[in-house]
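Peer 1: Can you keep this structure in mind? I'll have questions shortly.
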Amino acid sequence: MRTLRAMAEFPLAVRLLLVNQLGVNTGFYLLIPYLATHLTDDLGMSAAVVGIVLGVRNLAQQGLFILGGSAADRLGARGVIIAGCALRTVGFALFALGDGLPVLLAAALLSGLAGALFNPAVRTYLAREAGPRRAEAFALFNVFATTGALLGPLLGSLLLLVDFTAAALTAAVLFAALTIAQALVLPARPVPAPERSVVADWREVLGNRAFVAFSIAMAGLYGLETQLYLLLPDGVRHATGQEAAVGLLFLTGTVANLLLQLRITRLLQTRGDRARWITIGTAVTGMAFLPPMVVAGGAGPDGTGDAVVRMVPLIAAALLLHLGVMIAQPFVLELVPAFGPDRLTGTCFGLFYAASGIAAAAGNAGIGWAMDAGSDGGRAWLPWACCALLGLVAASAVGWLRRGGTLPPTAPGTGAVEPARTPDHPRAESESR
C-alpha cells in the first residue's frame with residue numbers, strides 16, 4: 001500500500017512509466033529465459049547456432065544503448081519509448097511465428113534494438129518528469145522492475161505448459177498493449193533543436209572524466225547484480241541439489257524490494273550526499289558474496305535438513321545483494337543525468353548503460369572462468385571471493401571520486417542532486433517544462 005500511495009503522488013506520465021516497466025519486465029522474462037531451451041529442444045539447433053542468436057540479441061541491445069540515448073535527446077524520449085516497445089512487439093511475434101534461422105536472427109536483432117531504444121529513453125523521460133524527486137521515482141521504478149522480473153518467469157512457466165508459441169505471443173500482445181497505452185497517455189514534450197552533431201554530443205559526455213570514471217566504477221555494481229542469474233543460482237543448485245530452490249532467491253529479492261526499497265530511499269536521501277550511499281550500497285553488494293563461501297564446495301546435501309541449512313547463507317547473500325542495490329541504485333540513476341546539461345540526459349544514460357552492459361558481459365565471463373577454475377582446482381570459494389573483491393574495488397573507486405569532489409553535489413537541505421552546469425553549454429529547457 002505504501003508503494004501505491006507513493007506512486008499516486010507522481011504525475012500520470014510517471015505512473016504510466018512505472019506500470020509500463022512492470023509490464024516490460026514481465027513480458028521480457030516471460031520469454032527470454034526459455035528461449036535457449038526452445039531453440040535447442042524444440043527446433044533442434046546446435047549450441048553454436050543458439051549462441052549466435054542470443055549473442056545477436058545481446059549485442060544489438062548493449063552495443064546500441066548510445067544510439068537510443070542520443071535519439072531520446074534529439075527526437076524526444078516519448079517517441080523513442082513508443083518505437084522501442086513497438087519493435088519488441090514485432091521481435092517477440094517473430095520468435096513465436098518463425099522457426100528458420102533468418103527469421104530468428106531478425107527477431108533477435110529487433111528485440112535487442114528495442115531494448116537499446118527503450119531503456120535509456122524511459123529513464124530520460126522519468127528523470128525529467130520526476131524533477132527533484134528523481135531518487136524516489138527511480139526507487140519505485142526498481143520496485144516495479146523487480147516485481148516484473150519475478151512475475152515473468154512464473155507466467156512463462158505456465159504458458160510453456162501449452163507451448164513456446166503461446167508464451168511468445170502473450171509477450172508480444174503485452175508489448176503491443178503497452179505501446180498503445182504509451183501513445184495514448186504519455187504527454188508529448190517539446191524537444192529543443194540540436195545545436196551540434198551527435199558525435200559532438202558523445203565527445204562532450206566522454207570528455208567528462210568524472211562521468212567516465214563513475215560509469216566504470218558503477219559497472220562493478222551492475223556486474224555483481226547480474227550474479228543473481230549466474231553465480232547465486234549455481235550456488236543454490238550445488239547447496240540443495242534442487243533446481244526449484246533457485247526460485248527462492250528471486251522471491252526473497254522481490255519481497256525485500258517491495259517492503260524496503262521506498263523506505264530505504266526516503267530515509268537516506270536527506271541524510272548525507274548521494275555518493276556516500278552509493279559507496280556504502282556498492283560495498284554491501286560485495287559483502288553479499290562472503291556468506292556463501294561457508295557452503296561452497298564439498299559434497300551435495302545430506303538430506304532435506306542439511307539442504308535447508310546450506311540454503312541459509314545463500315538467502316543471506318540474496319538479501320544483502322538486493323539491499324546493496326536498493327541503497328545505491330536509485331541514487332546512481334539520479335546522479336547520471338546530473339553530470340551533463342539537460343539536453344544530454346539521454347546520451348548520458350545511453351553511454352552509462354553501454355559501459356554497464358559491456359562490463360556485465362565481461363564480468364560474467366570472468367566469474368564463469370573463476371567458477372570453472374575453482375571447481376577444477378578444489379577452490380570453490382574463488383568466484384565468491386572475486387565478486388567480494390569486485391564490490392570492494394567499485395566502492396573504493398566511488399569513495400575516491402567522492403573525496404576528490406568530482407561528483408555532482410547534493411543541494412543543501414534538500415537531498416536533491418544539483419545538475420552540472422558548464423559556462424559554454426548552458427542547460428537547455430527541459431522536456432518536462
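If you're wondering about the labels, chains in the C-alpha cells are A, B, ... by order shown, residues count from 1 in each chain, ligands from 1 in order shown.
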Considering only alpha helix (DSSP H) as DSSP defines it on the backbone, what residues of region 161-199 of chain A qualify? List them as a list in words.
Peer 2: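 So, restricting region 161-199 of chain A to alpha helix (DSSP H), we get Phe164, Thr165, Ala166, Ala167, Ala168, Leu169, Thr170, Ala171, Ala172, Val173, Leu174, Phe175, Ala176, Ala177, Leu178, Thr179, Ile180, Ala181, Gln182, Ala183, Leu184, Val185, Val198 and Val199 of chain A.
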Peer 1: With C-alpha atoms retained, write the just-selected residues as a compact mmCIF listing (two decimals), in the first residue's frame.
Peer 2:
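Full text of out.txt as output:
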# COMPACT_ATOMS: atom_id res chain seq x y z
CA PHE A 164 6.52 -21.79 -26.62
CA THR A 165 4.35 -20.08 -29.24
CA ALA A 166 1.70 -19.30 -26.63
CA ALA A 167 4.31 -17.73 -24.37
CA ALA A 168 5.87 -15.66 -27.15
CA LEU A 169 2.50 -14.43 -28.48
CA THR A 170 1.40 -13.48 -24.96
CA ALA A 171 4.57 -11.43 -24.55
CA ALA A 172 4.03 -9.79 -27.95
CA VAL A 173 0.41 -8.90 -27.07
CA LEU A 174 1.58 -7.43 -23.77
CA PHE A 175 4.12 -5.21 -25.52
CA ALA A 176 1.51 -4.18 -28.08
CA ALA A 177 -0.84 -3.11 -25.27
CA LEU A 178 1.97 -1.12 -23.63
CA THR A 179 2.77 0.56 -26.94
CA ILE A 180 -0.85 1.70 -27.34
CA ALA A 181 -1.00 2.93 -23.74
CA GLN A 182 2.18 4.96 -24.20
CA ALA A 183 0.90 6.53 -27.40
CA LEU A 184 -2.38 7.50 -25.74
CA VAL A 185 -1.19 8.64 -22.30
CA VAL A 198 25.65 13.57 -32.41
CA VAL A 199 29.40 12.89 -32.40
Peer 1: Which residues are close to Leu323 (chain A), i.e. within 8 Å by only C-alpha atoms, leaving aside same-chain residues fewer than 6 positions away? Reply as a compact mmCIF listing (two decimals) with N, CA and C atoms, in the first residue's frame.
Peer 2:
# COMPACT_ATOMS: atom_id res chain seq x y z
N ALA A 256 11.68 -8.42 -0.46
CA ALA A 256 12.51 -7.39 0.18
C ALA A 256 12.38 -6.06 -0.54
N GLY A 281 26.29 1.26 -0.51
CA GLY A 281 25.49 0.23 -1.18
C GLY A 281 26.33 -0.70 -2.01
N VAL A 284 28.12 -3.10 0.20
CA VAL A 284 27.21 -4.14 0.71
C VAL A 284 27.01 -5.24 -0.34
N THR A 285 26.90 -4.85 -1.62
CA THR A 285 26.76 -5.88 -2.65
C THR A 285 27.98 -6.79 -2.69
Peer 1: Could you list, as a ChimeraX atom specification, every residue within 9 Å of Gly23 (chain A), counting only C-alpha atoms and ignoring same-chain residues fewer than 3 positions away?
Peer 2: /A:18-20,26-28,144-145,148,152,174-175,178
Peer 1: Got time to write the residues from that selection, all heavy atoms, as a compact mmCIF listing (two decimals), in the first residue's frame?
Peer 2:
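The new file part10.txt reads:
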# COMPACT_ATOMS: atom_id res chain seq x y z
N LEU A 18 5.92 3.62 -14.61
CA LEU A 18 6.15 2.60 -13.58
C LEU A 18 5.40 1.32 -13.92
O LEU A 18 5.96 0.22 -13.89
CB LEU A 18 5.71 3.13 -12.21
CG LEU A 18 6.50 4.33 -11.68
CD1 LEU A 18 5.90 4.81 -10.36
CD2 LEU A 18 7.97 3.99 -11.50
N VAL A 19 4.11 1.46 -14.27
CA VAL A 19 3.33 0.29 -14.68
C VAL A 19 3.91 -0.30 -15.95
O VAL A 19 3.96 -1.53 -16.13
CB VAL A 19 1.85 0.68 -14.88
CG1 VAL A 19 1.06 -0.50 -15.43
CG2 VAL A 19 1.24 1.17 -13.57
N ASN A 20 4.36 0.58 -16.83
CA ASN A 20 4.98 0.14 -18.07
C ASN A 20 6.20 -0.74 -17.80
O ASN A 20 6.39 -1.77 -18.46
CB ASN A 20 5.38 1.38 -18.87
CG ASN A 20 5.87 1.06 -20.26
OD1 ASN A 20 5.06 0.78 -21.14
ND2 ASN A 20 7.17 1.09 -20.48
N THR A 26 7.86 -8.10 -17.15
CA THR A 26 7.04 -9.31 -17.18
C THR A 26 7.12 -9.96 -18.56
O THR A 26 7.34 -11.17 -18.68
CB THR A 26 5.58 -8.99 -16.83
OG1 THR A 26 5.50 -8.45 -15.51
CG2 THR A 26 4.73 -10.26 -16.89
N GLY A 27 6.92 -9.16 -19.60
CA GLY A 27 6.97 -9.70 -20.96
C GLY A 27 8.35 -10.23 -21.34
O GLY A 27 8.48 -11.28 -21.98
N PHE A 28 9.38 -9.51 -20.93
CA PHE A 28 10.75 -9.92 -21.28
C PHE A 28 11.10 -11.25 -20.60
O PHE A 28 11.57 -12.19 -21.26
CB PHE A 28 11.73 -8.83 -20.86
CG PHE A 28 13.16 -9.14 -21.18
CD1 PHE A 28 13.68 -8.86 -22.44
CD2 PHE A 28 14.00 -9.70 -20.24
CE1 PHE A 28 15.00 -9.14 -22.75
CE2 PHE A 28 15.32 -9.99 -20.53
CZ PHE A 28 15.83 -9.70 -21.79
N PHE A 144 8.94 -1.85 -9.32
CA PHE A 144 8.10 -2.40 -10.39
C PHE A 144 8.92 -3.30 -11.32
O PHE A 144 8.41 -4.32 -11.81
CB PHE A 144 7.44 -1.27 -11.17
CG PHE A 144 6.24 -0.69 -10.47
CD1 PHE A 144 6.38 0.30 -9.51
CD2 PHE A 144 4.97 -1.14 -10.76
CE1 PHE A 144 5.28 0.83 -8.86
CE2 PHE A 144 3.85 -0.63 -10.12
CZ PHE A 144 4.00 0.37 -9.16
N ALA A 145 10.17 -2.93 -11.59
CA ALA A 145 11.02 -3.75 -12.45
C ALA A 145 11.30 -5.10 -11.81
O ALA A 145 11.23 -6.15 -12.47
CB ALA A 145 12.32 -3.02 -12.74
N GLY A 148 8.22 -7.33 -11.91
CA GLY A 148 8.03 -7.89 -13.24
C GLY A 148 8.99 -9.02 -13.53
O GLY A 148 8.64 -10.02 -14.18
N GLY A 152 7.31 -12.55 -14.59
CA GLY A 152 7.54 -13.03 -15.94
C GLY A 152 7.84 -14.52 -16.01
O GLY A 152 7.15 -15.27 -16.72
N LEU A 174 1.33 -8.32 -24.90
CA LEU A 174 1.58 -7.43 -23.77
C LEU A 174 2.34 -6.19 -24.22
O LEU A 174 1.98 -5.05 -23.84
CB LEU A 174 2.36 -8.18 -22.68
CG LEU A 174 2.75 -7.38 -21.44
CD1 LEU A 174 1.52 -6.77 -20.76
CD2 LEU A 174 3.49 -8.28 -20.45
N PHE A 175 3.37 -6.36 -25.03
CA PHE A 175 4.12 -5.21 -25.52
C PHE A 175 3.28 -4.35 -26.45
O PHE A 175 3.42 -3.12 -26.46
CB PHE A 175 5.40 -5.68 -26.23
CG PHE A 175 6.51 -6.03 -25.29
CD1 PHE A 175 6.93 -7.34 -25.12
CD2 PHE A 175 7.14 -5.04 -24.53
CE1 PHE A 175 7.95 -7.66 -24.25
CE2 PHE A 175 8.16 -5.35 -23.66
CZ PHE A 175 8.57 -6.67 -23.51
N LEU A 178 1.16 -2.19 -24.21
CA LEU A 178 1.97 -1.12 -23.63
C LEU A 178 2.26 -0.02 -24.65
O LEU A 178 2.24 1.17 -24.32
CB LEU A 178 3.28 -1.69 -23.09
CG LEU A 178 3.18 -2.63 -21.89
CD1 LEU A 178 4.54 -3.25 -21.59
CD2 LEU A 178 2.65 -1.90 -20.67
Peer 1: Distance table requested - region 262-342 of chain A against region 352-369 of chain A, cut-off 12 Å, only C-alpha atoms: one row per qualifying residue with the closest atom pair and its distance in Å to one decimal, ordered by chain and rising residue number, as CSV.
Peer 2:
residue,atom,partner,partner_atom,distance
A:Val332,CA,A:Phe352,CA,10.3
A:Leu333,CA,A:Phe352,CA,9.7
A:Leu335,CA,A:Phe352,CA,11.1
A:Val336,CA,A:Phe352,CA,7.6
A:Pro337,CA,A:Phe352,CA,9.8
A:Phe339,CA,A:Phe352,CA,11.0
Peer 1: Restricting the calculation to only C-alpha atoms: of A:Ala338, A:Leu267, A:Val309, A:Ile81, which residue gets closest to Pro187 (chain A)?
Peer 2: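 Selected residue with least distance to Pro187 (chain A): A:Ile81.
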Peer 1: Excluding same-chain residues fewer than 2 positions from Val143 (chain A), what lies within 9 Å of it counting only C-alpha atoms, as a PyMOL selection string?
Peer 2: chain A and resi 3+18+22+138-141+145-148+254+257-258+261-262
Peer 1: Just to confirm, what's the straight-line distance from CA of Gly91 (chain A) to CA of Ala116 (chain A) in Å (one decimal)?
Peer 2: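 Between CA of Gly91 (chain A) and CA of Ala116 (chain A) the gap works out to 13.3 Å.
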Peer 1: Give me the residues near Leu101 (chain A) as a compact mmCIF listing (two decimals) with N, CA and C atoms, in the first residue's frame, where near means some atom within 12 Å (using only C-alpha atoms) and where sequence neighbours in that chain fewer than 3 positions away do not count.
Peer 2:
# COMPACT_ATOMS: atom_id res chain seq x y z
N LEU A 39 15.12 -23.16 -28.63
CA LEU A 39 15.94 -23.29 -29.83
C LEU A 39 16.62 -24.65 -29.91
N LEU A 43 13.50 -26.78 -31.65
CA LEU A 43 13.92 -26.57 -33.04
C LEU A 43 15.15 -27.37 -33.42
N GLY A 44 15.80 -28.00 -32.45
CA GLY A 44 16.93 -28.87 -32.74
C GLY A 44 18.17 -28.15 -33.21
N MET A 45 18.37 -26.91 -32.79
CA MET A 45 19.54 -26.15 -33.21
C MET A 45 20.75 -26.52 -32.36
N SER A 46 21.92 -26.36 -32.95
CA SER A 46 23.16 -26.64 -32.23
C SER A 46 23.45 -25.54 -31.22
N VAL A 49 24.70 -22.34 -32.92
CA VAL A 49 23.65 -21.50 -33.52
C VAL A 49 22.86 -20.76 -32.44
N VAL A 50 22.56 -21.46 -31.35
CA VAL A 50 21.85 -20.82 -30.25
C VAL A 50 22.68 -19.66 -29.71
N ILE A 52 24.77 -17.86 -31.34
CA ILE A 52 24.72 -16.75 -32.32
C ILE A 52 23.43 -15.95 -32.15
N VAL A 53 22.29 -16.64 -32.04
CA VAL A 53 21.00 -15.96 -31.90
C VAL A 53 20.98 -15.12 -30.63
N LEU A 54 21.38 -15.73 -29.52
CA LEU A 54 21.38 -15.00 -28.26
C LEU A 54 22.41 -13.88 -28.28
N VAL A 56 23.40 -12.14 -30.89
CA VAL A 56 22.89 -11.03 -31.71
C VAL A 56 21.95 -10.16 -30.89
N LEU A 94 7.86 -12.49 -33.99
CA LEU A 94 8.68 -13.29 -34.90
C LEU A 94 9.22 -14.54 -34.20
N PHE A 95 9.58 -14.41 -32.92
CA PHE A 95 10.01 -15.59 -32.17
C PHE A 95 8.89 -16.63 -32.11
N GLY A 98 8.27 -17.81 -36.22
CA GLY A 98 9.36 -18.25 -37.08
C GLY A 98 10.14 -19.40 -36.49
N LEU A 104 14.67 -15.99 -36.99
CA LEU A 104 15.09 -15.90 -35.59
C LEU A 104 16.16 -14.84 -35.39
N LEU A 105 17.06 -14.69 -36.34
CA LEU A 105 18.07 -13.64 -36.25
C LEU A 105 17.42 -12.26 -36.34
N ALA A 106 16.42 -12.13 -37.21
CA ALA A 106 15.69 -10.86 -37.31
C ALA A 106 14.96 -10.57 -36.00
N ALA A 107 14.36 -11.59 -35.41
CA ALA A 107 13.67 -11.42 -34.14
C ALA A 107 14.65 -10.99 -33.05
N ALA A 108 15.81 -11.63 -33.02
CA ALA A 108 16.82 -11.29 -32.01
C ALA A 108 17.30 -9.86 -32.20
Peer 1: Measure the distance from CA of Leu12 (chain A) to CA of Gly131 (chain A) in Å and round it to one decimal.
Peer 2: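 Taking CA of Leu12 (chain A) as the start and CA of Gly131 (chain A) as the end point, the length is 13.9 Å.
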Peer 1: Using only C-alpha atoms, which residue out of A:Ala210, A:Leu155, A:Leu351, A:Leu260 lies closest to Ile66 (chain A)?
Peer 2: A:Leu351
Peer 1: Which polymer residues have any atom within 10 Å of an atom of region 344-349 of chain A, counting only C-alpha atoms, with same-chain residues fewer than 2 positions away left out, as a PyMOL selection string?
Peer 2: chain A and resi 65-74+76-77+119-125+127-128+198+201-202+204-206+211-212+215+333+336-342+351-355+427-428+430
Peer 1: Need the shell around Ala317 (chain A): protein/DNA/RNA residues with any atom at most 10 Å away, counting only C-alpha atoms. Skip same-chain ones fewer than 2 positions apart. Format as number ranges by chain?
Peer 2: A: 228, 232, 249, 284-292, 311-315, 319-323
